[in-house]
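The next block is run.cif, given as mmCIF, C-alpha atoms.
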```
data_my_file
loop_
_atom_site.group_PDB
_atom_site.id
_atom_site.type_symbol
_atom_site.label_atom_id
_atom_site.label_comp_id
_atom_site.auth_asym_id
_atom_site.auth_seq_id
_atom_site.Cartn_x
_atom_site.Cartn_y
_atom_site.Cartn_z
ATOM 1 C CA MET A 1 7.045 26.067 2.554
ATOM 2 C CA ASN A 2 3.398 25.147 3.101
ATOM 3 C CA THR A 3 3.948 21.415 3.384
ATOM 4 C CA ALA A 4 0.290 20.611 4.064
ATOM 5 C CA GLY A 5 -0.712 22.424 0.883
ATOM 6 C CA VAL A 6 1.898 20.554 -1.130
ATOM 7 C CA LEU A 7 0.596 17.220 0.172
ATOM 8 C CA ASP A 8 -2.942 18.145 -0.821
ATOM 9 C CA GLU A 9 -1.584 18.946 -4.269
ATOM 10 C CA PHE A 10 0.031 15.489 -4.447
ATOM 11 C CA VAL A 11 -3.245 13.759 -3.562
ATOM 12 C CA GLU A 12 -5.225 15.808 -6.072
ATOM 13 C CA ALA A 13 -2.679 15.083 -8.806
ATOM 14 C CA LEU A 14 -2.708 11.364 -7.979
ATOM 15 C CA GLU A 15 -6.507 11.195 -8.116
ATOM 16 C CA THR A 16 -6.584 13.014 -11.454
ATOM 17 C CA ARG A 17 -3.898 10.813 -12.989
ATOM 18 C CA LEU A 18 -5.410 7.561 -11.675
ATOM 19 C CA GLU A 19 -8.758 8.582 -13.133
ATOM 20 C CA ALA A 20 -7.049 9.108 -16.487
ATOM 21 C CA ILE A 21 -4.920 5.955 -16.655
ATOM 22 C CA LEU A 22 -7.533 3.424 -15.533
ATOM 23 C CA PRO A 23 -9.443 1.901 -18.459
ATOM 24 C CA THR A 24 -13.089 2.853 -18.936
ATOM 25 C CA THR A 25 -14.260 0.375 -21.584
ATOM 26 C CA SER A 26 -13.380 -3.169 -22.645
ATOM 27 C CA GLU A 27 -14.272 -5.302 -25.622
ATOM 28 C CA HIS A 28 -13.809 -8.371 -23.416
ATOM 29 C CA SER A 29 -15.312 -7.638 -20.003
ATOM 30 C CA GLN A 30 -16.821 -4.313 -18.990
ATOM 31 C CA VAL A 31 -17.338 -5.551 -15.451
ATOM 32 C CA LEU A 32 -13.585 -6.149 -15.148
ATOM 33 C CA VAL A 33 -12.638 -2.567 -15.973
ATOM 34 C CA ASP A 34 -15.520 -1.269 -13.860
ATOM 35 C CA GLY A 35 -14.097 -3.311 -10.993
ATOM 36 C CA MET A 36 -10.567 -2.001 -11.572
ATOM 37 C CA ARG A 37 -11.824 1.553 -11.294
ATOM 38 C CA TYR A 38 -13.917 0.672 -8.255
ATOM 39 C CA ALA A 39 -10.933 -0.875 -6.484
ATOM 40 C CA VAL A 40 -8.586 2.059 -7.108
ATOM 41 C CA LEU A 41 -10.894 5.077 -7.059
ATOM 42 C CA ASN A 42 -13.022 4.252 -4.022
ATOM 43 C CA GLY A 43 -11.191 6.587 -1.673
ATOM 44 C CA GLY A 44 -8.011 6.148 0.321
ATOM 45 C CA LYS A 45 -5.366 8.476 1.705
ATOM 46 C CA ARG A 46 -2.854 7.924 -1.142
ATOM 47 C CA LEU A 47 -0.073 7.756 1.447
ATOM 48 C CA ARG A 48 2.164 5.478 -0.614
ATOM 49 C CA GLY A 49 1.793 7.512 -3.763
ATOM 50 C CA SER A 50 2.296 10.692 -1.758
ATOM 51 C CA LEU A 51 5.524 9.236 -0.356
ATOM 52 C CA VAL A 52 6.839 8.746 -3.888
ATOM 53 C CA CYS A 53 5.909 12.302 -4.868
ATOM 54 C CA ALA A 54 7.142 13.809 -1.595
ATOM 55 C CA THR A 55 10.537 12.117 -1.871
ATOM 56 C CA THR A 56 11.065 13.309 -5.439
ATOM 57 C CA TYR A 57 9.817 16.795 -4.580
ATOM 58 C CA THR A 58 12.031 17.050 -1.501
ATOM 59 C CA LEU A 59 15.125 16.065 -3.466
ATOM 60 C CA SER A 60 14.471 17.911 -6.725
ATOM 61 C CA GLY A 61 11.824 20.575 -6.122
ATOM 62 C CA SER A 62 9.233 18.993 -8.431
ATOM 63 C CA TYR A 63 7.268 15.755 -8.542
ATOM 64 C CA GLU A 64 5.665 15.504 -11.978
ATOM 65 C CA LYS A 65 8.112 12.880 -13.276
ATOM 66 C CA ALA A 66 7.231 10.695 -10.279
ATOM 67 C CA LEU A 67 3.473 10.802 -10.768
ATOM 68 C CA ASP A 68 3.039 7.694 -12.939
ATOM 69 C CA SER A 69 5.372 5.657 -10.725
ATOM 70 C CA ALA A 70 3.344 6.798 -7.717
ATOM 71 C CA CYS A 71 0.151 5.713 -9.493
ATOM 72 C CA ALA A 72 1.746 2.348 -10.251
ATOM 73 C CA LEU A 73 2.357 1.815 -6.550
ATOM 74 C CA GLU A 74 -1.229 2.834 -5.764
ATOM 75 C CA CYS A 75 -2.487 0.248 -8.283
ATOM 76 C CA LEU A 76 -0.369 -2.455 -6.673
ATOM 77 C CA HIS A 77 -1.624 -1.437 -3.252
ATOM 78 C CA ALA A 78 -5.239 -1.590 -4.474
ATOM 79 C CA TYR A 79 -4.646 -5.062 -5.894
ATOM 80 C CA SER A 80 -3.261 -6.215 -2.544
ATOM 81 C CA LEU A 81 -6.359 -4.929 -0.730
ATOM 82 C CA VAL A 82 -8.745 -6.607 -3.179
ATOM 83 C CA HIS A 83 -7.040 -9.957 -2.625
ATOM 84 C CA ASP A 84 -6.623 -9.401 1.118
ATOM 85 C CA ASP A 85 -10.401 -8.932 1.497
ATOM 86 C CA LEU A 86 -11.288 -12.182 -0.327
ATOM 87 C CA PRO A 87 -13.173 -14.910 1.579
ATOM 88 C CA VAL A 88 -10.097 -17.156 1.420
ATOM 89 C CA MET A 89 -8.007 -14.424 3.043
ATOM 90 C CA ASP A 90 -9.479 -12.003 5.608
ATOM 91 C CA ASP A 91 -13.082 -12.296 4.339
ATOM 92 C CA ALA A 92 -13.796 -8.580 4.833
ATOM 93 C CA ASP A 93 -17.106 -7.206 3.578
ATOM 94 C CA LEU A 94 -16.165 -3.510 3.740
ATOM 95 C CA ARG A 95 -13.292 -1.452 2.408
ATOM 96 C CA ARG A 96 -13.173 2.341 2.848
ATOM 97 C CA GLY A 97 -16.813 2.378 3.886
ATOM 98 C CA LYS A 98 -18.043 0.584 0.764
ATOM 99 C CA PRO A 99 -18.645 -3.072 -0.124
ATOM 100 C CA SER A 100 -15.334 -4.785 -0.781
ATOM 101 C CA CYS A 101 -14.664 -5.914 -4.331
ATOM 102 C CA HIS A 102 -15.694 -9.512 -3.780
ATOM 103 C CA LYS A 103 -19.000 -8.415 -2.233
ATOM 104 C CA LYS A 104 -19.793 -6.166 -5.201
ATOM 105 C CA PHE A 105 -18.414 -8.246 -8.076
ATOM 106 C CA GLY A 106 -18.068 -11.764 -6.649
ATOM 107 C CA PRO A 107 -14.911 -13.571 -5.470
ATOM 108 C CA ALA A 108 -13.853 -14.857 -8.896
ATOM 109 C CA MET A 109 -14.137 -11.469 -10.597
ATOM 110 C CA ALA A 110 -12.497 -9.748 -7.618
ATOM 111 C CA THR A 111 -9.523 -12.080 -8.029
ATOM 112 C CA LEU A 112 -9.259 -11.092 -11.692
ATOM 113 C CA ILE A 113 -9.628 -7.407 -10.835
ATOM 114 C CA GLY A 114 -6.611 -7.669 -8.570
ATOM 115 C CA ASP A 115 -4.748 -9.673 -11.205
ATOM 116 C CA ALA A 116 -5.436 -6.997 -13.840
ATOM 117 C CA LEU A 117 -4.119 -4.172 -11.684
ATOM 118 C CA GLN A 118 -0.667 -5.768 -11.414
ATOM 119 C CA PRO A 119 0.349 -5.623 -15.103
ATOM 120 C CA LEU A 120 -1.268 -2.191 -15.399
ATOM 121 C CA ALA A 121 1.102 -0.956 -12.712
ATOM 122 C CA PHE A 122 4.208 -2.223 -14.485
ATOM 123 C CA ASN A 123 2.983 -0.946 -17.846
ATOM 124 C CA LEU A 124 2.837 2.531 -16.302
ATOM 125 C CA ILE A 125 6.537 2.232 -15.466
ATOM 126 C CA VAL A 126 7.432 0.982 -18.937
ATOM 127 C CA GLU A 127 5.732 4.005 -20.468
ATOM 128 C CA CYS A 128 7.370 6.616 -18.192
ATOM 129 C CA TYR A 129 9.254 8.014 -21.181
ATOM 130 C CA ASP A 130 10.439 11.141 -19.356
ATOM 131 C CA VAL A 131 12.425 8.865 -17.021
ATOM 132 C CA SER A 132 15.596 7.194 -18.317
ATOM 133 C CA ASN A 133 15.641 3.515 -19.240
ATOM 134 C CA GLU A 134 18.104 2.822 -16.427
ATOM 135 C CA LYS A 135 15.796 4.414 -13.872
ATOM 136 C CA ARG A 136 12.729 2.604 -15.223
ATOM 137 C CA VAL A 137 14.521 -0.713 -14.740
ATOM 138 C CA ALA A 138 15.467 0.273 -11.189
ATOM 139 C CA ILE A 139 11.890 1.341 -10.416
ATOM 140 C CA SER A 140 10.496 -1.923 -11.800
ATOM 141 C CA ARG A 141 12.978 -3.904 -9.717
ATOM 142 C CA SER A 142 11.970 -2.028 -6.578
ATOM 143 C CA LEU A 143 8.248 -2.538 -7.214
ATOM 144 C CA SER A 144 8.570 -6.217 -8.055
ATOM 145 C CA ARG A 145 10.571 -6.899 -4.914
ATOM 146 C CA ALA A 146 8.092 -5.023 -2.732
ATOM 147 C CA ALA A 147 5.079 -6.780 -4.209
ATOM 148 C CA GLY A 148 6.453 -10.289 -4.671
ATOM 149 C CA TRP A 149 7.680 -13.283 -2.700
ATOM 150 C CA GLN A 150 10.329 -11.237 -0.886
ATOM 151 C CA GLY A 151 7.829 -8.571 0.121
ATOM 152 C CA MET A 152 4.073 -8.270 0.399
ATOM 153 C CA VAL A 153 3.105 -11.692 -0.997
ATOM 154 C CA GLY A 154 5.770 -13.407 1.089
ATOM 155 C CA GLY A 155 4.540 -11.672 4.225
ATOM 156 C CA GLN A 156 0.940 -12.541 3.415
ATOM 157 C CA ALA A 157 1.889 -16.180 2.873
ATOM 158 C CA TRP A 158 3.603 -16.278 6.253
ATOM 159 C CA ASP A 159 0.572 -14.623 7.843
ATOM 160 C CA ILE A 160 -1.956 -17.163 6.536
ATOM 161 C CA GLN A 161 0.276 -20.050 7.586
ATOM 162 C CA LEU A 162 0.009 -18.932 11.192
ATOM 163 C CA THR A 163 -2.607 -20.763 13.242
ATOM 164 C CA ALA A 164 -4.681 -19.412 16.111
ATOM 165 C CA ASP A 165 -2.341 -20.996 18.656
ATOM 166 C CA THR A 166 0.824 -19.543 17.071
ATOM 167 C CA ASN A 167 2.340 -16.971 19.386
ATOM 168 C CA LEU A 168 4.871 -14.753 17.669
ATOM 169 C CA GLU A 169 7.641 -12.931 19.454
ATOM 170 C CA ILE A 170 7.834 -9.190 18.829
ATOM 171 C CA GLU A 171 10.826 -9.543 16.485
ATOM 172 C CA GLN A 172 8.969 -12.144 14.416
ATOM 173 C CA LEU A 173 5.950 -9.856 14.177
ATOM 174 C CA ARG A 174 8.196 -7.008 13.068
ATOM 175 C CA ARG A 175 9.730 -9.166 10.315
ATOM 176 C CA LEU A 176 6.302 -10.339 9.170
ATOM 177 C CA HIS A 177 5.035 -6.793 8.735
ATOM 178 C CA ALA A 178 8.315 -5.521 7.333
ATOM 179 C CA ALA A 179 7.546 -7.792 4.388
ATOM 180 C CA LYS A 180 3.755 -7.579 4.249
ATOM 181 C CA THR A 181 3.426 -3.816 4.792
ATOM 182 C CA GLY A 182 6.817 -2.201 5.131
ATOM 183 C CA GLU A 183 8.289 -3.115 1.751
ATOM 184 C CA PHE A 184 5.751 -0.912 -0.047
ATOM 185 C CA PHE A 185 6.914 2.040 2.056
ATOM 186 C CA VAL A 186 10.550 1.236 1.317
ATOM 187 C CA ALA A 187 9.728 1.002 -2.400
ATOM 188 C CA ALA A 188 7.804 4.296 -2.335
ATOM 189 C CA VAL A 189 10.747 6.215 -0.898
ATOM 190 C CA GLU A 190 13.296 4.374 -3.023
ATOM 191 C CA ILE A 191 11.378 5.099 -6.231
ATOM 192 C CA GLY A 192 11.001 8.754 -5.300
ATOM 193 C CA ARG A 193 14.737 8.919 -4.658
ATOM 194 C CA ILE A 194 15.582 7.205 -7.943
ATOM 195 C CA ILE A 195 13.573 9.784 -9.874
ATOM 196 C CA GLY A 196 14.484 12.845 -7.819
ATOM 197 C CA GLU A 197 18.162 12.372 -7.028
ATOM 198 C CA ILE A 198 20.467 13.723 -9.704
ATOM 199 C CA ASP A 199 23.726 12.434 -8.196
ATOM 200 C CA GLU A 200 23.323 9.356 -6.018
ATOM 201 C CA ASP A 201 24.555 9.994 -2.501
ATOM 202 C CA GLU A 202 25.198 7.014 -0.230
ATOM 203 C CA MET A 203 24.390 8.898 2.962
ATOM 204 C CA THR A 204 21.054 10.115 1.565
ATOM 205 C CA THR A 205 20.194 6.680 0.213
ATOM 206 C CA ALA A 206 20.906 4.954 3.538
ATOM 207 C CA ALA A 207 19.057 7.551 5.625
ATOM 208 C CA LEU A 208 15.996 7.441 3.379
ATOM 209 C CA ARG A 209 15.890 3.658 3.552
ATOM 210 C CA ARG A 210 16.047 3.683 7.349
ATOM 211 C CA PHE A 211 13.358 6.378 7.374
ATOM 212 C CA ALA A 212 11.102 4.206 5.208
ATOM 213 C CA VAL A 213 11.661 1.083 7.316
ATOM 214 C CA HIS A 214 10.715 2.913 10.515
ATOM 215 C CA LEU A 215 7.715 4.548 8.860
ATOM 216 C CA GLY A 216 6.378 1.317 7.364
ATOM 217 C CA GLU A 217 6.480 -0.371 10.753
ATOM 218 C CA ALA A 218 4.885 2.656 12.436
ATOM 219 C CA PHE A 219 2.056 2.611 9.910
ATOM 220 C CA GLN A 220 1.303 -1.047 10.675
ATOM 221 C CA VAL A 221 1.393 -0.466 14.429
ATOM 222 C CA VAL A 222 -1.125 2.367 13.986
ATOM 223 C CA ASP A 223 -3.362 0.122 11.858
ATOM 224 C CA ASP A 224 -3.301 -2.510 14.601
ATOM 225 C CA VAL A 225 -4.156 0.076 17.250
ATOM 226 C CA LEU A 226 -7.029 1.515 15.220
ATOM 227 C CA ASP A 227 -8.460 -1.947 14.529
ATOM 228 C CA CYS A 228 -9.012 -2.547 18.229
ATOM 229 C CA SER A 229 -9.908 0.998 19.277
ATOM 230 C CA GLN A 230 -12.116 2.489 16.545
ATOM 231 C CA SER A 231 -15.553 1.668 15.137
ATOM 232 C CA THR A 232 -16.393 0.288 11.707
ATOM 233 C CA GLU A 233 -17.876 3.684 10.807
ATOM 234 C CA VAL A 234 -14.603 5.454 11.560
ATOM 235 C CA LEU A 235 -12.365 2.822 9.978
ATOM 236 C CA GLY A 236 -14.435 2.244 6.849
ATOM 237 C CA LYS A 237 -13.782 -1.482 7.266
ATOM 238 C CA PRO A 238 -14.835 -4.064 9.871
ATOM 239 C CA ASP A 239 -13.521 -3.220 13.312
ATOM 240 C CA GLY A 240 -12.024 -5.903 15.531
ATOM 241 C CA GLN A 241 -11.068 -7.948 12.464
ATOM 242 C CA ASP A 242 -7.670 -8.886 13.889
ATOM 243 C CA LYS A 243 -9.241 -10.180 17.103
ATOM 244 C CA ARG A 244 -11.858 -12.230 15.229
ATOM 245 C CA LEU A 245 -9.135 -13.798 13.105
ATOM 246 C CA GLU A 246 -7.006 -14.307 16.241
ATOM 247 C CA LYS A 247 -4.053 -12.549 14.661
ATOM 248 C CA ASN A 248 -0.833 -11.605 16.347
ATOM 249 C CA THR A 249 -0.785 -7.790 16.547
ATOM 250 C CA PHE A 250 1.281 -5.100 18.223
ATOM 251 C CA PRO A 251 -1.446 -4.291 20.801
ATOM 252 C CA VAL A 252 -1.677 -7.995 21.678
ATOM 253 C CA LEU A 253 2.066 -8.162 22.332
ATOM 254 C CA LEU A 254 2.637 -4.657 23.728
ATOM 255 C CA GLY A 255 -0.766 -3.605 25.038
ATOM 256 C CA LEU A 256 -2.780 -0.742 23.553
ATOM 257 C CA ASN A 257 -0.859 2.035 25.300
ATOM 258 C CA GLY A 258 2.464 0.331 24.672
ATOM 259 C CA ALA A 259 1.712 -0.032 20.959
ATOM 260 C CA THR A 260 0.661 3.624 20.718
ATOM 261 C CA GLU A 261 3.894 4.745 22.356
ATOM 262 C CA TYR A 262 5.868 2.429 20.090
ATOM 263 C CA ALA A 263 4.280 3.977 16.972
ATOM 264 C CA HIS A 264 5.296 7.475 18.073
ATOM 265 C CA ASP A 265 8.785 6.248 18.923
ATOM 266 C CA LEU A 266 9.114 4.827 15.402
ATOM 267 C CA LEU A 267 7.920 8.117 13.923
ATOM 268 C CA ASN A 268 10.569 9.982 15.910
ATOM 269 C CA LYS A 269 13.238 7.580 14.657
ATOM 270 C CA ALA A 270 12.045 8.106 11.083
ATOM 271 C CA LEU A 271 12.177 11.890 11.425
ATOM 272 C CA GLN A 272 15.640 11.656 12.984
ATOM 273 C CA GLU A 273 16.850 9.993 9.778
ATOM 274 C CA LEU A 274 15.507 12.899 7.739
ATOM 275 C CA ARG A 275 17.120 15.324 10.184
ATOM 276 C CA LYS A 276 20.518 13.733 9.522
ATOM 277 C CA ILE A 277 20.298 14.841 5.901
ATOM 278 C CA GLY A 278 18.538 18.133 6.603
ATOM 279 C CA ILE A 279 15.092 17.397 5.192
ATOM 280 C CA ASP A 280 12.930 16.723 8.257
ATOM 281 C CA GLU A 281 10.955 19.954 7.679
ATOM 282 C CA SER A 282 9.726 18.866 4.263
ATOM 283 C CA PRO A 283 6.704 17.284 2.568
ATOM 284 C CA LEU A 284 8.379 13.936 3.221
ATOM 285 C CA GLY A 285 8.379 14.565 6.957
ATOM 286 C CA GLU A 286 4.771 15.746 6.763
ATOM 287 C CA VAL A 287 3.648 12.514 5.069
ATOM 288 C CA ALA A 288 5.346 10.571 7.857
ATOM 289 C CA LYS A 289 3.476 12.546 10.498
ATOM 290 C CA ARG A 290 0.169 11.936 8.744
ATOM 291 C CA CYS A 291 0.819 8.193 8.758
ATOM 292 C CA VAL A 292 1.062 8.141 12.546
ATOM 293 C CA ASP A 293 -1.076 11.069 13.684
ATOM 294 C CA ARG A 294 -4.161 8.988 12.927
ATOM 295 C CA ILE A 295 -3.980 7.824 16.563
ATOM 296 C CA SER A 296 -3.154 11.212 18.109
#
```
Please rewrite the model in this file as structure tokens.
Amino acid sequence: MNTAGVLDEFVEALETRLEAILPTTSEHSQVLVDGMRYAVLNGGKRLRGSLVCATTYTLSGSYEKALDSACALECLHAYSLVHDDLPVMDDADLRRGKPSCHKKFGPAMATLIGDALQPLAFNLIVECYDVSNEKRVAISRSLSRAAGWQGMVGGQAWDIQLTADTNLEIEQLRRLHAAKTGEFFVAAVEIGRIIGEIDEDEMTTAALRRFAVHLGEAFQVVDDVLDCSQSTEVLGKPDGQDKRLEKNTFPVLLGLNGATEYAHDLLNKALQELRKIGIDESPLGEVAKRCVDRIS
């Protein structure tokens, strides 16, 4: 199996489908739909969407039924980035090497762009007619948990409540990012499993969840490392942002080398979970490696 080729196929399919499902015209506000397309189609690795597709493919041998659910997760991720970049949040001027949404469209319109991407994501799930009603409900539940007060929004709320003189312990930092970042990874793998698994297997379900938890944390550790070790040109967003905002990060608590080692340790733990169920040499394992090999 050429896993790298399969992953490239996932990304190409995601880009094509996102291009098709995003609106192009509006009788109310053309700038809104232009902004929605700008926020979603301005690059990105499509790691979360690829995780959905890779999980379904690994379990069933195909991924087409997972494509719209994967696009839904990409839309939710794009919304989170639009809001995260706002002046009242991280106040970031660049995203993926281009002006962030609020710099191009203004803060008020950027807020609405993010708001519009949320219902679009759930509408994609509702209209996944080749997936059973029961599975669509389960997918919607997984997405809403990952994106809402128990997941990303809850983690973001905790993050902005922290002051410059708040010193988190490592376990607190892990819990913060498990919500803010990790829940999207858990949802990606869970949704892929829901679509791809014919007969639910408790051992597979538990191993995949542990895999996703380890991978989500590893991804955040890598992001923290890159923020303090790479240039704006390489990152496509402002470098040193965490330091300027005086955020608690893994390199701050563990040191740069310690954080790098920790990321690779988490990747190994994630792959061990796949090994337990015999799917470590799969597109799913390859996506995991790509999430962490950014600092290799």
Between atom CA of Gly285 of chain A and atom CA of Phe185 of chain A, measure the distance and give it in Å to one decimal.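 Value for the atom CA of Gly285 of chain A-atom CA of Phe185 of chain A distance: 13.5 Å.
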Selection: 10 Å around Thr166 of chain A, only C-alpha atoms, excl. self and same-chain fewer than 4 positions, as a PyMOL selection string: chain A and resi 161-162+246-248
Give me the residues near Ile139 of chain A as a count of residues only, where near means some atom within 9 Å (using all atoms listed in the file) and where sequence neighbours in that chain fewer than 5 positions away do not count. 9
Quick one: which residues end up in the PyMOL selection byres ((chain A and resi 27-42) around 10) for this structure, as an MDAnalysis selection string? chainID A and resid 15 18:19 21:26 43:44 71 74:79 81:82 95:98 100:102 104:105 109:110 112:117
Measuring between all atoms listed in the file, which one of A:Leu173, A:Val213, A:Val189, A:Leu274 shows the shortest distance to Leu253 of chain A? A:Leu173
With the file shown as input, list the residues that the PyMOL selection byres ((chain A and resi 89) around 12) selects, as a list of chain:residue names.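 What the PyMOL selection byres ((chain A and resi 89) around 12) grabs from the file is A:Ser80, A:Leu81, A:Val82, A:His83, A:Asp84, A:Asp85, A:Leu86, A:Pro87, A:Val88, A:Asp90, A:Asp91, A:Ala92, A:Asp93, A:His102, A:Pro107, A:Thr111, A:Gln156, A:Ala157, A:Asp159, A:Ile160, A:Gln161, A:Gln241, A:Leu245.
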Could you list the residues chosen by the PyMOL selection byres ((chain A and resi 256) around 12) in this structure as a list in words?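 With the shown file as input, the PyMOL selection byres ((chain A and resi 256) around 12) matches Val221, Val222, Asp223, Asp224, Val225, Leu226, Asp227, Cys228, Ser229, Thr249, Phe250, Pro251, Val252, Leu253, Leu254, Gly255, Asn257, Gly258, Ala259, Thr260, Glu261, Tyr262, Ala263 and Ile295 of chain A.
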What is the distance, in Å and to one decimal place, between atom CA of Phe219 of chain A and atom CA of Met203 of chain A? 24.2 Å
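Note that the spacing between atom CA of His177 of chain A and atom CA of Gly192 of chain A amounts to 21.8 Å.
Distances from A:Lys276, A:Phe10, A:Trp149, A:Thr3 to Ala206 of chain A were compared using all atoms listed in the file, and the smallest one belongs to A:Lys276.
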When you look at segment 57-63 of chain A with a cut-off of 7 Å (counting all atoms listed in the file), what residues show up, excluding the ones that are within fewer than 2 positions of it in the same chain? I need them as a PyMOL selection string. chain A and resi 53-55+65-67+196-197+282-284
Residues from the last selection, C-alpha atoms, saved as a PDB file, in the coordinates of the input:
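Written out: part-v4.pdb:
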```pdb
ATOM      1  CA  CYS A  53       5.909  12.302  -4.868  1.00  0.00           C
ATOM      2  CA  ALA A  54       7.142  13.809  -1.595  1.00  0.00           C
ATOM      3  CA  THR A  55      10.537  12.117  -1.871  1.00  0.00           C
ATOM      4  CA  LYS A  65       8.112  12.880 -13.276  1.00  0.00           C
ATOM      5  CA  ALA A  66       7.231  10.695 -10.279  1.00  0.00           C
ATOM      6  CA  LEU A  67       3.473  10.802 -10.768  1.00  0.00           C
ATOM      7  CA  GLY A 196      14.484  12.845  -7.819  1.00  0.00           C
ATOM      8  CA  GLU A 197      18.162  12.372  -7.028  1.00  0.00           C
ATOM      9  CA  SER A 282       9.726  18.866   4.263  1.00  0.00           C
ATOM     10  CA  PRO A 283       6.704  17.284   2.568  1.00  0.00           C
ATOM     11  CA  LEU A 284       8.379  13.936   3.221  1.00  0.00           C
TER      12      LEU A 284
END
```
Counting only C-alpha atoms, the residue of A:Arg145, A:His214, A:Arg17, A:Pro99 that sits nearest Leu124 of chain A: A:Arg17
Using all atoms listed in the file, the best pick from A:Asp68, A:Asp265, A:Asp8, A:Glu200 as closest to Cys128 of chain A would be A:Asp68
Have a look at A:Ala108, A:Ile198, A:Val6, A:Val287 and name the one nearest to Ala212 of chain A; count only C-alpha atoms.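 For Ala212 of chain A, the nearest of the candidates is A:Val287.
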Could you put an axis-aligned box around every listed atom of segment 55-71 of chain A, padded by 6 Å on each side, and send me its centre and edge lengths in Å to one decimal, as AutoDock Vina command-line options?
```
--center_x 7.6 --center_y 13.1 --center_z -7.4 --size_x 27.0 --size_y 26.9 --size_z 23.8
```
